[in-house]
Amino acid sequence: MDAILIRGNNQPLRGRVRVSGAKNAALPILCATLLSDGESRLRNVPALRDIDTTAALLRFMGRNVEVNAPEVRVLAGSDVRPEAPYELVKQMRASVLVLGPLVARFGRAKVSLPGGCAIGARPIDQHLKALEAMGCTIRLDRGYVIAEGPSGGGRLKAAEVCFDLPTVTGTENIMMAAALAKGRSTLLNCAREPEVEELGRILNKMGCEVDGAGTDVIHIKGAEPGSLAPFDHAIIPDRIEAGTYMVAAAMHEGSDVILDGAELSDMEALVSKMRSAGVDIESEGQALRIRRQGPIRAVNITTAPHPGFPTDMQAQLMVLMCIARGESVITETIFENRFMHVPELQRMGASIALRGNTAVVQGVDKLYGASVMATDLRASASLVIAGLVAEGETEVRRVYHLDRGYEHIEEKLGGIGGNVARVRNAES
Ligand code: EPZ
């Protein structure tokens, strides 16, 4: 397994970072290609392991997929095998996003339950409840969800679905199911993330009538079977990748970094907190300029569904609070176990006390390099950011987590002055 080696220094970060396309937009959009035949073309797709895993899943189902980042082409094969095997789903929970389109288009699906992951149990009960409301019969069989359309594989029926809580992939799965259901569906208490809104744009490009994607109420008029068209689309920038580099820049006094392609309107909760912490963030055309003069002030955050503070930025902001002046209270409300970066940061000298789903961070003057373990995608990123300012060398192990969601991270950080290198086949 590879490791990332970071040599901390107090050199401010200076220069430009190109923000890649959004992983969490690309994944549902790739699954939406199951809804039509023909060749779909995605542009601005990041070169990430999760993209490769999704491509492997679509190939397993009979799609021809060419991945040449930043472009991916998907061509319908002669037939489709409506199955997502455990071997692929265990690598990436988002594989569950094939469930909706498979049942909608082919009347049946056999998809491995994703199982939990490091950050939590990650149930999919909301996905399944909504599919049942659309006439689907669902049964669980030895770790697999076996789904079948009405009357033994018929066409789904439109329904009014109210999610118990806003679920990003739950909303996306049911949008794709409703895309070919008979009638007009209404989805209530939907997730409002920009990636959900982007999927709505794709379904409309394919010939659906989707209204309200990106809000908590979405109306979808199902298209006739076989009527949806392939699409050509450049996906939105990755707001979490952009936020991660925003925090990296803020770690150093004197930093001045331009994030090319960052979209301020997708990042308002994060930007508001960063500004309160003393970071200067300004829009400059199709970019954001991040500057830091003076100390970082402690701020409190509570994660929430979009447009609230994103849980995917909690670990990164915690690292900034580790070197802030004062006490910061960080509350994680989305996942039950998303503080695994805390013991690793404590080994680097951070002063953090955990109380249930709350972390109380006392800012310290200095962090110290150490060998640390990546546990999940965003925790890995937070450890790399900590290494940028820690005294000495930090080795982040098991960076396959990082490679799932950060394209060329060592090149991007190196390009703005970070001393970051990858060690192949390091001790894990
Ligand atoms: C998406 O995961 C993202 N992944 C996650 O990003 C992100 O952290 C998460 O949304 C929250 O913003 C993708 O988009 C591929 P949820 P998802 O369903 O859809 C509970 C990253 O770092 N829930 O919105 O799996 C669930 O347990 C990843 O890129 C149910 O109880 O998250 C959680 O507490 C990590 N039942 C909450 O809802 C369900 O049926 C929100 O989960 C579904 C979810």
# chains A, B, ... in the order shown; residues from 1 in each chain; ligands from 1
$ residues_around --residues "A:Thr244" --least-positions-apart "3" --cutoff "8 Å" --atoms "only C-alpha atoms" --output "PyMOL selection string"
chain A and resi 240-241+247-248+313+316+381
$ write_last_selection --atoms "N, CA, C and O atoms" --output "mmCIF file, in the first residue's frame"
data_model
loop_
_atom_site.group_PDB
_atom_site.id
_atom_site.type_symbol
_atom_site.label_atom_id
_atom_site.label_comp_id
_atom_site.auth_asym_id
_atom_site.auth_seq_id
_atom_site.Cartn_x
_atom_site.Cartn_y
_atom_site.Cartn_z
ATOM 1 N N ILE A 240 -15.971 19.680 -2.263
ATOM 2 C CA ILE A 240 -15.266 19.151 -1.086
ATOM 3 C C ILE A 240 -13.759 19.150 -1.342
ATOM 4 O O ILE A 240 -12.950 19.498 -0.482
ATOM 5 N N GLU A 241 -13.378 18.806 -2.573
ATOM 6 C CA GLU A 241 -11.950 18.929 -2.908
ATOM 7 C C GLU A 241 -11.528 20.387 -2.782
ATOM 8 O O GLU A 241 -10.505 20.706 -2.168
ATOM 9 N N VAL A 247 -8.760 24.874 3.110
ATOM 10 C CA VAL A 247 -8.253 24.698 4.478
ATOM 11 C C VAL A 247 -6.737 24.558 4.458
ATOM 12 O O VAL A 247 -6.027 25.150 5.275
ATOM 13 N N ALA A 248 -6.209 23.820 3.482
ATOM 14 C CA ALA A 248 -4.741 23.655 3.396
ATOM 15 C C ALA A 248 -4.069 25.019 3.293
ATOM 16 O O ALA A 248 -3.078 25.297 3.975
ATOM 17 N N MET A 313 -16.511 17.979 5.268
ATOM 18 C CA MET A 313 -15.459 18.972 5.553
ATOM 19 C C MET A 313 -15.164 19.055 7.052
ATOM 20 O O MET A 313 -14.356 19.873 7.492
ATOM 21 N N GLN A 316 -11.421 18.160 7.972
ATOM 22 C CA GLN A 316 -10.476 19.165 7.475
ATOM 23 C C GLN A 316 -10.540 20.432 8.328
ATOM 24 O O GLN A 316 -9.528 21.001 8.717
ATOM 25 N N ALA A 381 -7.467 13.061 4.246
ATOM 26 C CA ALA A 381 -7.131 14.405 3.754
ATOM 27 C C ALA A 381 -6.741 15.306 4.918
ATOM 28 O O ALA A 381 -5.796 16.096 4.829
#
$ residues_near_ligand --ligand "ligand 1" --cutoff "6 Å" --atoms "only C-alpha atoms and all ligand atoms" --output "list in words"
Asn24, Ala94, Arg122, Pro123, Ile124, Asp125, Gln126, His127, Thr167, Val168, Thr169, Gly170, Thr311, Asp312, Ile334, Phe335, Leu377 and Arg378 of chain A
$ write_last_selection --atoms "N, CA, C and O atoms" --output "PDB file, in the first residue's frame"
ATOM      1  N   ASN A  24     -18.807  13.001  -6.338  1.00  0.00           N
ATOM      2  CA  ASN A  24     -20.152  12.610  -5.899  1.00  0.00           C
ATOM      3  C   ASN A  24     -21.257  13.079  -6.838  1.00  0.00           C
ATOM      4  O   ASN A  24     -22.426  12.803  -6.609  1.00  0.00           O
ATOM      5  N   ALA A  94     -21.383   3.530  -2.904  1.00  0.00           N
ATOM      6  CA  ALA A  94     -22.223   4.274  -3.868  1.00  0.00           C
ATOM      7  C   ALA A  94     -22.692   3.371  -5.007  1.00  0.00           C
ATOM      8  O   ALA A  94     -23.533   3.766  -5.814  1.00  0.00           O
ATOM      9  N   ARG A 122     -24.463   3.083   7.794  1.00  0.00           N
ATOM     10  CA  ARG A 122     -24.826   3.472   6.422  1.00  0.00           C
ATOM     11  C   ARG A 122     -25.985   2.629   5.863  1.00  0.00           C
ATOM     12  O   ARG A 122     -25.877   1.977   4.847  1.00  0.00           O
ATOM     13  N   PRO A 123     -27.116   2.559   6.575  1.00  0.00           N
ATOM     14  CA  PRO A 123     -28.250   1.754   6.080  1.00  0.00           C
ATOM     15  C   PRO A 123     -28.806   2.318   4.769  1.00  0.00           C
ATOM     16  O   PRO A 123     -28.504   3.459   4.402  1.00  0.00           O
ATOM     17  N   ILE A 124     -29.617   1.516   4.067  1.00  0.00           N
ATOM     18  CA  ILE A 124     -30.274   2.009   2.850  1.00  0.00           C
ATOM     19  C   ILE A 124     -31.794   1.812   2.944  1.00  0.00           C
ATOM     20  O   ILE A 124     -32.485   1.689   1.929  1.00  0.00           O
ATOM     21  N   ASP A 125     -32.300   1.808   4.177  1.00  0.00           N
ATOM     22  CA  ASP A 125     -33.738   1.574   4.372  1.00  0.00           C
ATOM     23  C   ASP A 125     -34.599   2.600   3.636  1.00  0.00           C
ATOM     24  O   ASP A 125     -35.674   2.279   3.118  1.00  0.00           O
ATOM     25  N   GLN A 126     -34.121   3.828   3.545  1.00  0.00           N
ATOM     26  CA  GLN A 126     -34.911   4.865   2.860  1.00  0.00           C
ATOM     27  C   GLN A 126     -35.003   4.593   1.358  1.00  0.00           C
ATOM     28  O   GLN A 126     -36.021   4.847   0.719  1.00  0.00           O
ATOM     29  N   HIS A 127     -33.916   4.072   0.790  1.00  0.00           N
ATOM     30  CA  HIS A 127     -33.933   3.717  -0.643  1.00  0.00           C
ATOM     31  C   HIS A 127     -35.001   2.641  -0.872  1.00  0.00           C
ATOM     32  O   HIS A 127     -35.804   2.720  -1.809  1.00  0.00           O
ATOM     33  N   THR A 167     -31.420  12.073   2.478  1.00  0.00           N
ATOM     34  CA  THR A 167     -30.346  11.152   2.125  1.00  0.00           C
ATOM     35  C   THR A 167     -29.901  11.442   0.700  1.00  0.00           C
ATOM     36  O   THR A 167     -30.732  11.466  -0.221  1.00  0.00           O
ATOM     37  N   VAL A 168     -28.607  11.692   0.508  1.00  0.00           N
ATOM     38  CA  VAL A 168     -28.098  12.094  -0.809  1.00  0.00           C
ATOM     39  C   VAL A 168     -28.296  10.980  -1.836  1.00  0.00           C
ATOM     40  O   VAL A 168     -29.010  11.148  -2.833  1.00  0.00           O
ATOM     41  N   THR A 169     -27.710   9.808  -1.596  1.00  0.00           N
ATOM     42  CA  THR A 169     -27.847   8.745  -2.599  1.00  0.00           C
ATOM     43  C   THR A 169     -29.254   8.161  -2.589  1.00  0.00           C
ATOM     44  O   THR A 169     -29.732   7.664  -3.617  1.00  0.00           O
ATOM     45  N   GLY A 170     -29.963   8.294  -1.463  1.00  0.00           N
ATOM     46  CA  GLY A 170     -31.357   7.846  -1.453  1.00  0.00           C
ATOM     47  C   GLY A 170     -32.186   8.688  -2.399  1.00  0.00           C
ATOM     48  O   GLY A 170     -32.953   8.179  -3.232  1.00  0.00           O
ATOM     49  N   THR A 311     -20.647  17.518   6.334  1.00  0.00           N
ATOM     50  CA  THR A 311     -19.929  16.526   7.137  1.00  0.00           C
ATOM     51  C   THR A 311     -18.608  16.142   6.460  1.00  0.00           C
ATOM     52  O   THR A 311     -17.624  15.836   7.127  1.00  0.00           O
ATOM     53  N   ASP A 312     -18.557  16.211   5.129  1.00  0.00           N
ATOM     54  CA  ASP A 312     -17.335  15.831   4.402  1.00  0.00           C
ATOM     55  C   ASP A 312     -16.212  16.842   4.594  1.00  0.00           C
ATOM     56  O   ASP A 312     -15.099  16.610   4.130  1.00  0.00           O
ATOM     57  N   ILE A 334     -24.317  13.862  11.276  1.00  0.00           N
ATOM     58  CA  ILE A 334     -24.721  13.037  10.137  1.00  0.00           C
ATOM     59  C   ILE A 334     -24.312  11.582  10.327  1.00  0.00           C
ATOM     60  O   ILE A 334     -25.108  10.667  10.142  1.00  0.00           O
ATOM     61  N   PHE A 335     -23.057  11.337  10.693  1.00  0.00           N
ATOM     62  CA  PHE A 335     -22.570   9.959  10.846  1.00  0.00           C
ATOM     63  C   PHE A 335     -22.171   9.696  12.288  1.00  0.00           C
ATOM     64  O   PHE A 335     -21.680  10.590  12.978  1.00  0.00           O
ATOM     65  N   LEU A 377     -11.909   8.468   3.679  1.00  0.00           N
ATOM     66  CA  LEU A 377     -11.478   9.427   2.666  1.00  0.00           C
ATOM     67  C   LEU A 377     -11.144  10.799   3.218  1.00  0.00           C
ATOM     68  O   LEU A 377     -10.058  11.343   3.016  1.00  0.00           O
ATOM     69  N   ARG A 378     -12.042  11.380   3.974  1.00  0.00           N
ATOM     70  CA  ARG A 378     -11.839  12.779   4.415  1.00  0.00           C
ATOM     71  C   ARG A 378     -10.894  12.840   5.609  1.00  0.00           C
ATOM     72  O   ARG A 378     -10.134  13.793   5.750  1.00  0.00           O
TER      73      ARG A 378
END
$ residues_around --residues "stretch 399-413 of chain A" --least-positions-apart "5" --cutoff "10 Å" --atoms "only C-alpha atoms" --output "MDAnalysis selection string"
chainID A and resid 1:6 13:24 46:53 91:92 238 240:241 244:245 248:249 373:381 384:385 388 418:423 428
$ residues_around --residues "stretch 131-137 of chain A" --least-positions-apart "3" --cutoff "8 Å" --atoms "only C-alpha atoms" --output "number ranges by chain"
A: 100, 127-128, 147-150, 156-161, 174, 177, 181
$ write_last_selection --atoms "N, CA and C atoms" --output "tab-separated table (two decimals), in the first residue's frame"
chain	number	residue	atom	x	y	z
A	100	GLY	N	-31.83	1.84	-8.41
A	100	GLY	CA	-32.96	2.58	-8.97
A	100	GLY	C	-33.04	2.45	-10.48
A	127	HIS	N	-33.92	4.07	0.79
A	127	HIS	CA	-33.93	3.72	-0.64
A	127	HIS	C	-35.00	2.64	-0.87
A	128	LEU	N	-34.99	1.62	-0.01
A	128	LEU	CA	-35.86	0.44	-0.21
A	128	LEU	C	-37.32	0.78	0.05
A	147	ALA	N	-34.66	-7.00	-5.98
A	147	ALA	CA	-35.78	-6.08	-6.24
A	147	ALA	C	-36.46	-6.48	-7.55
A	148	GLU	N	-37.79	-6.37	-7.55
A	148	GLU	CA	-38.55	-6.74	-8.75
A	148	GLU	C	-39.70	-5.74	-8.95
A	149	GLY	N	-39.90	-5.30	-10.17
A	149	GLY	CA	-40.99	-4.38	-10.45
A	149	GLY	C	-42.34	-5.06	-10.25
A	150	PRO	N	-43.43	-4.30	-10.30
A	150	PRO	CA	-44.78	-4.85	-10.07
A	150	PRO	C	-45.09	-6.04	-10.98
A	156	LEU	N	-42.41	0.38	-12.90
A	156	LEU	CA	-42.68	1.02	-11.62
A	156	LEU	C	-43.81	2.03	-11.76
A	157	LYS	N	-44.48	2.25	-10.63
A	157	LYS	CA	-45.57	3.23	-10.60
A	157	LYS	C	-45.07	4.51	-9.93
A	158	ALA	N	-45.47	5.65	-10.42
A	158	ALA	CA	-45.14	6.92	-9.75
A	158	ALA	C	-45.72	6.89	-8.34
A	159	ALA	N	-45.07	7.61	-7.42
A	159	ALA	CA	-45.56	7.63	-6.04
A	159	ALA	C	-45.21	8.95	-5.39
A	160	GLU	N	-45.87	9.22	-4.26
A	160	GLU	CA	-45.45	10.33	-3.41
A	160	GLU	C	-44.60	9.71	-2.30
A	161	VAL	N	-43.34	10.13	-2.22
A	161	VAL	CA	-42.39	9.54	-1.27
A	161	VAL	C	-41.91	10.64	-0.34
A	174	ILE	N	-33.88	7.27	-6.05
A	174	ILE	CA	-35.32	7.33	-6.32
A	174	ILE	C	-35.62	8.28	-7.47
A	177	ALA	N	-35.20	6.04	-10.33
A	177	ALA	CA	-36.32	5.08	-10.43
A	177	ALA	C	-37.55	5.76	-11.01
A	181	ALA	N	-40.81	5.65	-14.24
A	181	ALA	CA	-42.05	5.13	-13.63
A	181	ALA	C	-43.25	5.69	-14.37
$ residues_around --residues "A:Cys190" --least-positions-apart "2" --cutoff "9 Å" --atoms "only C-alpha atoms" --output "PyMOL selection string"
chain A and resi 162-163+165-168+170-171+187-188+192+213-218
$ atom_distance --atom1 "atom CA of A:Ala32" --atom2 "atom CA of A:Leu228"
10.4 Å
$ residues_around --residues "stretch 76-90 of chain A" --least-positions-apart "3" --cutoff "10 Å" --atoms "only C-alpha atoms" --output "PyMOL selection string"
chain A and resi 33-40+53-54+56-65+93-99+101-103+105-117+143-146+230
$ select_by_dssp --residues "stretch 74-316 of chain A" --states "strand (DSSP E or B)" --output "mmCIF file with N, CA and C atoms, in the first residue's frame"
data_model
loop_
_atom_site.group_PDB
_atom_site.id
_atom_site.type_symbol
_atom_site.label_atom_id
_atom_site.label_comp_id
_atom_site.auth_asym_id
_atom_site.auth_seq_id
_atom_site.Cartn_x
_atom_site.Cartn_y
_atom_site.Cartn_z
ATOM 1 N N VAL A 74 -19.737 5.906 -22.101
ATOM 2 C CA VAL A 74 -20.457 4.686 -21.745
ATOM 3 C C VAL A 74 -21.368 4.317 -22.907
ATOM 4 N N LEU A 75 -21.228 3.080 -23.403
ATOM 5 C CA LEU A 75 -22.021 2.625 -24.553
ATOM 6 C C LEU A 75 -22.840 1.418 -24.130
ATOM 7 N N GLU A 83 -27.135 -6.888 -12.133
ATOM 8 C CA GLU A 83 -26.589 -7.318 -10.847
ATOM 9 C C GLU A 83 -25.395 -6.461 -10.456
ATOM 10 N N ALA A 84 -25.260 -6.227 -9.133
ATOM 11 C CA ALA A 84 -24.070 -5.542 -8.611
ATOM 12 C C ALA A 84 -23.473 -6.448 -7.544
ATOM 13 N N ARG A 108 -35.904 -5.442 -12.719
ATOM 14 C CA ARG A 108 -35.351 -6.283 -11.640
ATOM 15 C C ARG A 108 -33.907 -5.878 -11.380
ATOM 16 N N ALA A 109 -33.459 -6.227 -10.164
ATOM 17 C CA ALA A 109 -32.059 -5.929 -9.806
ATOM 18 C C ALA A 109 -31.653 -6.842 -8.663
ATOM 19 N N LYS A 110 -30.389 -7.213 -8.696
ATOM 20 C CA LYS A 110 -29.821 -7.966 -7.569
ATOM 21 C C LYS A 110 -28.560 -7.214 -7.163
ATOM 22 N N VAL A 111 -28.631 -6.508 -6.038
ATOM 23 C CA VAL A 111 -27.547 -5.603 -5.644
ATOM 24 C C VAL A 111 -27.085 -5.960 -4.242
ATOM 25 N N SER A 112 -25.819 -6.158 -4.080
ATOM 26 C CA SER A 112 -25.300 -6.480 -2.746
ATOM 27 C C SER A 112 -25.575 -5.325 -1.788
ATOM 28 N N CYS A 117 -19.427 0.989 6.881
ATOM 29 C CA CYS A 117 -18.075 1.397 6.512
ATOM 30 C C CYS A 117 -17.489 2.055 7.758
ATOM 31 N N GLY A 120 -19.710 4.639 9.632
ATOM 32 C CA GLY A 120 -21.021 4.362 10.208
ATOM 33 C C GLY A 120 -21.714 3.183 9.563
ATOM 34 N N THR A 137 -41.180 -5.060 -5.311
ATOM 35 C CA THR A 137 -41.077 -6.015 -4.196
ATOM 36 C C THR A 137 -39.592 -6.157 -3.881
ATOM 37 N N ILE A 138 -39.309 -6.083 -2.590
ATOM 38 C CA ILE A 138 -37.915 -6.124 -2.135
ATOM 39 C C ILE A 138 -37.768 -7.310 -1.196
ATOM 40 N N ARG A 139 -36.753 -8.134 -1.463
ATOM 41 C CA ARG A 139 -36.434 -9.131 -0.435
ATOM 42 C C ARG A 139 -34.930 -9.179 -0.269
ATOM 43 N N LEU A 140 -34.505 -9.575 0.918
ATOM 44 C CA LEU A 140 -33.075 -9.670 1.221
ATOM 45 C C LEU A 140 -32.703 -11.135 1.206
ATOM 46 N N ASP A 141 -31.623 -11.446 0.503
ATOM 47 C CA ASP A 141 -31.231 -12.845 0.388
ATOM 48 C C ASP A 141 -29.707 -12.948 0.467
ATOM 49 N N TYR A 144 -27.841 -9.824 -0.237
ATOM 50 C CA TYR A 144 -28.226 -9.116 -1.466
ATOM 51 C C TYR A 144 -29.656 -8.583 -1.359
ATOM 52 N N VAL A 145 -29.863 -7.419 -1.978
ATOM 53 C CA VAL A 145 -31.212 -6.895 -2.180
ATOM 54 C C VAL A 145 -31.703 -7.461 -3.514
ATOM 55 N N ILE A 146 -32.826 -8.169 -3.491
ATOM 56 C CA ILE A 146 -33.440 -8.667 -4.726
ATOM 57 C C ILE A 146 -34.691 -7.812 -4.949
ATOM 58 N N ALA A 147 -34.660 -7.005 -5.983
ATOM 59 C CA ALA A 147 -35.779 -6.083 -6.244
ATOM 60 C C ALA A 147 -36.458 -6.476 -7.547
ATOM 61 N N GLU A 148 -37.795 -6.372 -7.555
ATOM 62 C CA GLU A 148 -38.549 -6.737 -8.753
ATOM 63 C C GLU A 148 -39.701 -5.743 -8.947
ATOM 64 N N LYS A 157 -44.479 2.251 -10.633
ATOM 65 C CA LYS A 157 -45.569 3.231 -10.604
ATOM 66 C C LYS A 157 -45.065 4.512 -9.928
ATOM 67 N N GLU A 160 -45.871 9.221 -4.263
ATOM 68 C CA GLU A 160 -45.453 10.335 -3.406
ATOM 69 C C GLU A 160 -44.603 9.712 -2.300
ATOM 70 N N VAL A 161 -43.340 10.129 -2.215
ATOM 71 C CA VAL A 161 -42.388 9.543 -1.265
ATOM 72 C C VAL A 161 -41.908 10.644 -0.343
ATOM 73 N N CYS A 162 -41.972 10.404 0.976
ATOM 74 C CA CYS A 162 -41.407 11.376 1.923
ATOM 75 C C CYS A 162 -40.283 10.684 2.684
ATOM 76 N N LYS A 182 -44.379 5.001 -14.263
ATOM 77 C CA LYS A 182 -45.596 5.454 -14.956
ATOM 78 C C LYS A 182 -46.271 6.522 -14.113
ATOM 79 N N ARG A 184 -46.502 10.714 -12.459
ATOM 80 C CA ARG A 184 -45.724 11.835 -11.920
ATOM 81 C C ARG A 184 -45.452 11.589 -10.441
ATOM 82 N N SER A 185 -44.172 11.478 -10.083
ATOM 83 C CA SER A 185 -43.791 11.238 -8.683
ATOM 84 C C SER A 185 -43.471 12.550 -7.982
ATOM 85 N N THR A 186 -43.734 12.554 -6.669
ATOM 86 C CA THR A 186 -43.355 13.689 -5.818
ATOM 87 C C THR A 186 -42.463 13.166 -4.704
ATOM 88 N N LEU A 187 -41.249 13.710 -4.608
ATOM 89 C CA LEU A 187 -40.301 13.292 -3.563
ATOM 90 C C LEU A 187 -40.189 14.424 -2.555
ATOM 91 N N LEU A 188 -40.417 14.117 -1.289
ATOM 92 C CA LEU A 188 -40.421 15.133 -0.225
ATOM 93 C C LEU A 188 -39.277 14.869 0.759
ATOM 94 N N GLU A 209 -38.760 14.844 -17.197
ATOM 95 C CA GLU A 209 -39.250 16.158 -16.731
ATOM 96 C C GLU A 209 -39.068 16.184 -15.220
ATOM 97 N N VAL A 210 -37.905 16.719 -14.798
ATOM 98 C CA VAL A 210 -37.571 16.797 -13.371
ATOM 99 C C VAL A 210 -37.647 18.261 -12.955
ATOM 100 N N ASP A 211 -38.385 18.506 -11.877
ATOM 101 C CA ASP A 211 -38.525 19.886 -11.402
ATOM 102 C C ASP A 211 -38.217 19.925 -9.900
ATOM 103 N N ALA A 213 -35.030 19.640 -8.428
ATOM 104 C CA ALA A 213 -33.797 18.996 -7.935
ATOM 105 C C ALA A 213 -32.882 20.056 -7.308
ATOM 106 N N THR A 215 -33.744 21.174 -4.319
ATOM 107 C CA THR A 215 -34.601 21.669 -3.230
ATOM 108 C C THR A 215 -35.125 20.425 -2.487
ATOM 109 N N VAL A 217 -38.189 19.423 -2.359
ATOM 110 C CA VAL A 217 -39.351 18.826 -3.037
ATOM 111 C C VAL A 217 -39.027 18.674 -4.522
ATOM 112 N N ILE A 218 -39.071 17.431 -5.000
ATOM 113 C CA ILE A 218 -38.735 17.176 -6.413
ATOM 114 C C ILE A 218 -39.921 16.494 -7.095
ATOM 115 N N HIS A 219 -40.342 17.043 -8.234
ATOM 116 C CA HIS A 219 -41.409 16.421 -9.044
ATOM 117 C C HIS A 219 -40.774 15.799 -10.274
ATOM 118 N N ILE A 220 -41.164 14.555 -10.575
ATOM 119 C CA ILE A 220 -40.590 13.876 -11.748
ATOM 120 C C ILE A 220 -41.715 13.195 -12.535
ATOM 121 N N LYS A 221 -41.862 13.578 -13.792
ATOM 122 C CA LYS A 221 -42.830 12.901 -14.671
ATOM 123 C C LYS A 221 -42.092 11.779 -15.386
ATOM 124 N N ASP A 232 -24.404 14.142 -23.236
ATOM 125 C CA ASP A 232 -23.012 14.633 -23.255
ATOM 126 C C ASP A 232 -22.966 15.765 -22.230
ATOM 127 N N HIS A 233 -22.131 15.643 -21.192
ATOM 128 C CA HIS A 233 -22.206 16.619 -20.102
ATOM 129 C C HIS A 233 -20.873 16.766 -19.394
ATOM 130 N N ALA A 234 -20.535 18.004 -19.060
ATOM 131 C CA ALA A 234 -19.347 18.286 -18.230
ATOM 132 C C ALA A 234 -19.823 18.513 -16.804
ATOM 133 N N PRO A 237 -17.762 21.246 -10.545
ATOM 134 C CA PRO A 237 -16.527 21.100 -9.771
ATOM 135 C C PRO A 237 -16.793 20.470 -8.410
ATOM 136 N N ASP A 256 -1.471 32.500 -0.205
ATOM 137 C CA ASP A 256 -2.273 33.201 -1.214
ATOM 138 C C ASP A 256 -2.486 32.209 -2.350
ATOM 139 N N VAL A 257 -3.651 31.553 -2.352
ATOM 140 C CA VAL A 257 -3.901 30.443 -3.286
ATOM 141 C C VAL A 257 -5.167 30.712 -4.085
ATOM 142 N N ILE A 258 -5.088 30.441 -5.387
ATOM 143 C CA ILE A 258 -6.253 30.581 -6.265
ATOM 144 C C ILE A 258 -6.800 29.180 -6.559
ATOM 145 N N LEU A 259 -8.094 28.978 -6.314
ATOM 146 C CA LEU A 259 -8.737 27.691 -6.619
ATOM 147 C C LEU A 259 -9.510 27.859 -7.930
ATOM 148 N N ASP A 260 -8.902 27.422 -9.026
ATOM 149 C CA ASP A 260 -9.546 27.563 -10.341
ATOM 150 C C ASP A 260 -10.724 26.594 -10.473
ATOM 151 N N ASP A 280 -9.357 35.146 4.417
ATOM 152 C CA ASP A 280 -9.920 36.047 3.401
ATOM 153 C C ASP A 280 -10.234 35.240 2.152
ATOM 154 N N ILE A 281 -11.509 35.196 1.753
ATOM 155 C CA ILE A 281 -11.924 34.409 0.581
ATOM 156 C C ILE A 281 -12.715 35.315 -0.354
ATOM 157 N N GLU A 282 -12.229 35.441 -1.581
ATOM 158 C CA GLU A 282 -12.889 36.327 -2.545
ATOM 159 C C GLU A 282 -13.103 35.605 -3.865
ATOM 160 N N SER A 283 -14.234 35.889 -4.513
ATOM 161 C CA SER A 283 -14.467 35.367 -5.859
ATOM 162 C C SER A 283 -13.629 36.157 -6.843
ATOM 163 N N GLU A 284 -12.957 35.461 -7.762
ATOM 164 C CA GLU A 284 -12.224 36.150 -8.841
ATOM 165 C C GLU A 284 -12.539 35.414 -10.132
ATOM 166 N N ALA A 287 -12.951 31.603 -10.201
ATOM 167 C CA ALA A 287 -12.022 31.044 -9.206
ATOM 168 C C ALA A 287 -12.303 31.687 -7.854
ATOM 169 N N LEU A 288 -11.737 31.077 -6.822
ATOM 170 C CA LEU A 288 -11.771 31.679 -5.485
ATOM 171 C C LEU A 288 -10.336 31.953 -5.072
ATOM 172 N N ARG A 289 -10.111 33.120 -4.445
ATOM 173 C CA ARG A 289 -8.774 33.450 -3.959
ATOM 174 C C ARG A 289 -8.780 33.343 -2.436
ATOM 175 N N ILE A 290 -7.848 32.574 -1.900
ATOM 176 C CA ILE A 290 -7.785 32.297 -0.465
ATOM 177 C C ILE A 290 -6.520 32.956 0.087
ATOM 178 N N ARG A 291 -6.667 33.871 1.025
ATOM 179 C CA ARG A 291 -5.498 34.486 1.642
ATOM 180 C C ARG A 291 -5.624 34.451 3.151
ATOM 181 N N ARG A 297 -8.841 32.224 14.153
ATOM 182 C CA ARG A 297 -9.697 32.276 15.339
ATOM 183 C C ARG A 297 -10.512 30.984 15.457
ATOM 184 N N ILE A 301 -18.541 24.460 14.899
ATOM 185 C CA ILE A 301 -19.320 23.984 13.740
ATOM 186 C C ILE A 301 -20.200 22.809 14.156
ATOM 187 N N THR A 302 -21.347 22.722 13.506
ATOM 188 C CA THR A 302 -22.235 21.562 13.616
ATOM 189 C C THR A 302 -22.566 21.118 12.196
ATOM 190 N N THR A 303 -22.240 19.873 11.872
ATOM 191 C CA THR A 303 -22.498 19.424 10.498
ATOM 192 C C THR A 303 -24.002 19.239 10.295
ATOM 193 N N PHE A 309 -23.368 23.043 7.159
ATOM 194 C CA PHE A 309 -21.930 22.758 7.076
ATOM 195 C C PHE A 309 -21.718 21.282 6.703
#
$ residues_around --residues "stretch 344-360 of chain A" --least-positions-apart "3" --cutoff "10 Å" --atoms "only C-alpha atoms" --output "PyMOL selection string"
chain A and resi 300-302+318-319+321-323+327-341+363-375+379-380+382-383+386-387+390-391+394+396
$ closest_residue --among "A:Asn204, A:Ala315, A:Arg239, A:His306" --to "A:Ala191" --atoms "only C-alpha atoms"
A:His306
$ atom_distance --atom1 "atom CA of A:Val45" --atom2 "atom CA of A:Ala242"
14.9 Å
$ closest_residue --among "A:Arg292, A:Arg41, A:Ala304, A:Met246" --to "A:Ala229" --atoms "only C-alpha atoms"
A:Arg41
$ select_by_dssp --residues "stretch 125-244 of chain A" --states "alpha helix (DSSP H)" --output "MDAnalysis selection string"
chainID A and resid 125:133 150:153 168:178 194:206 239:244
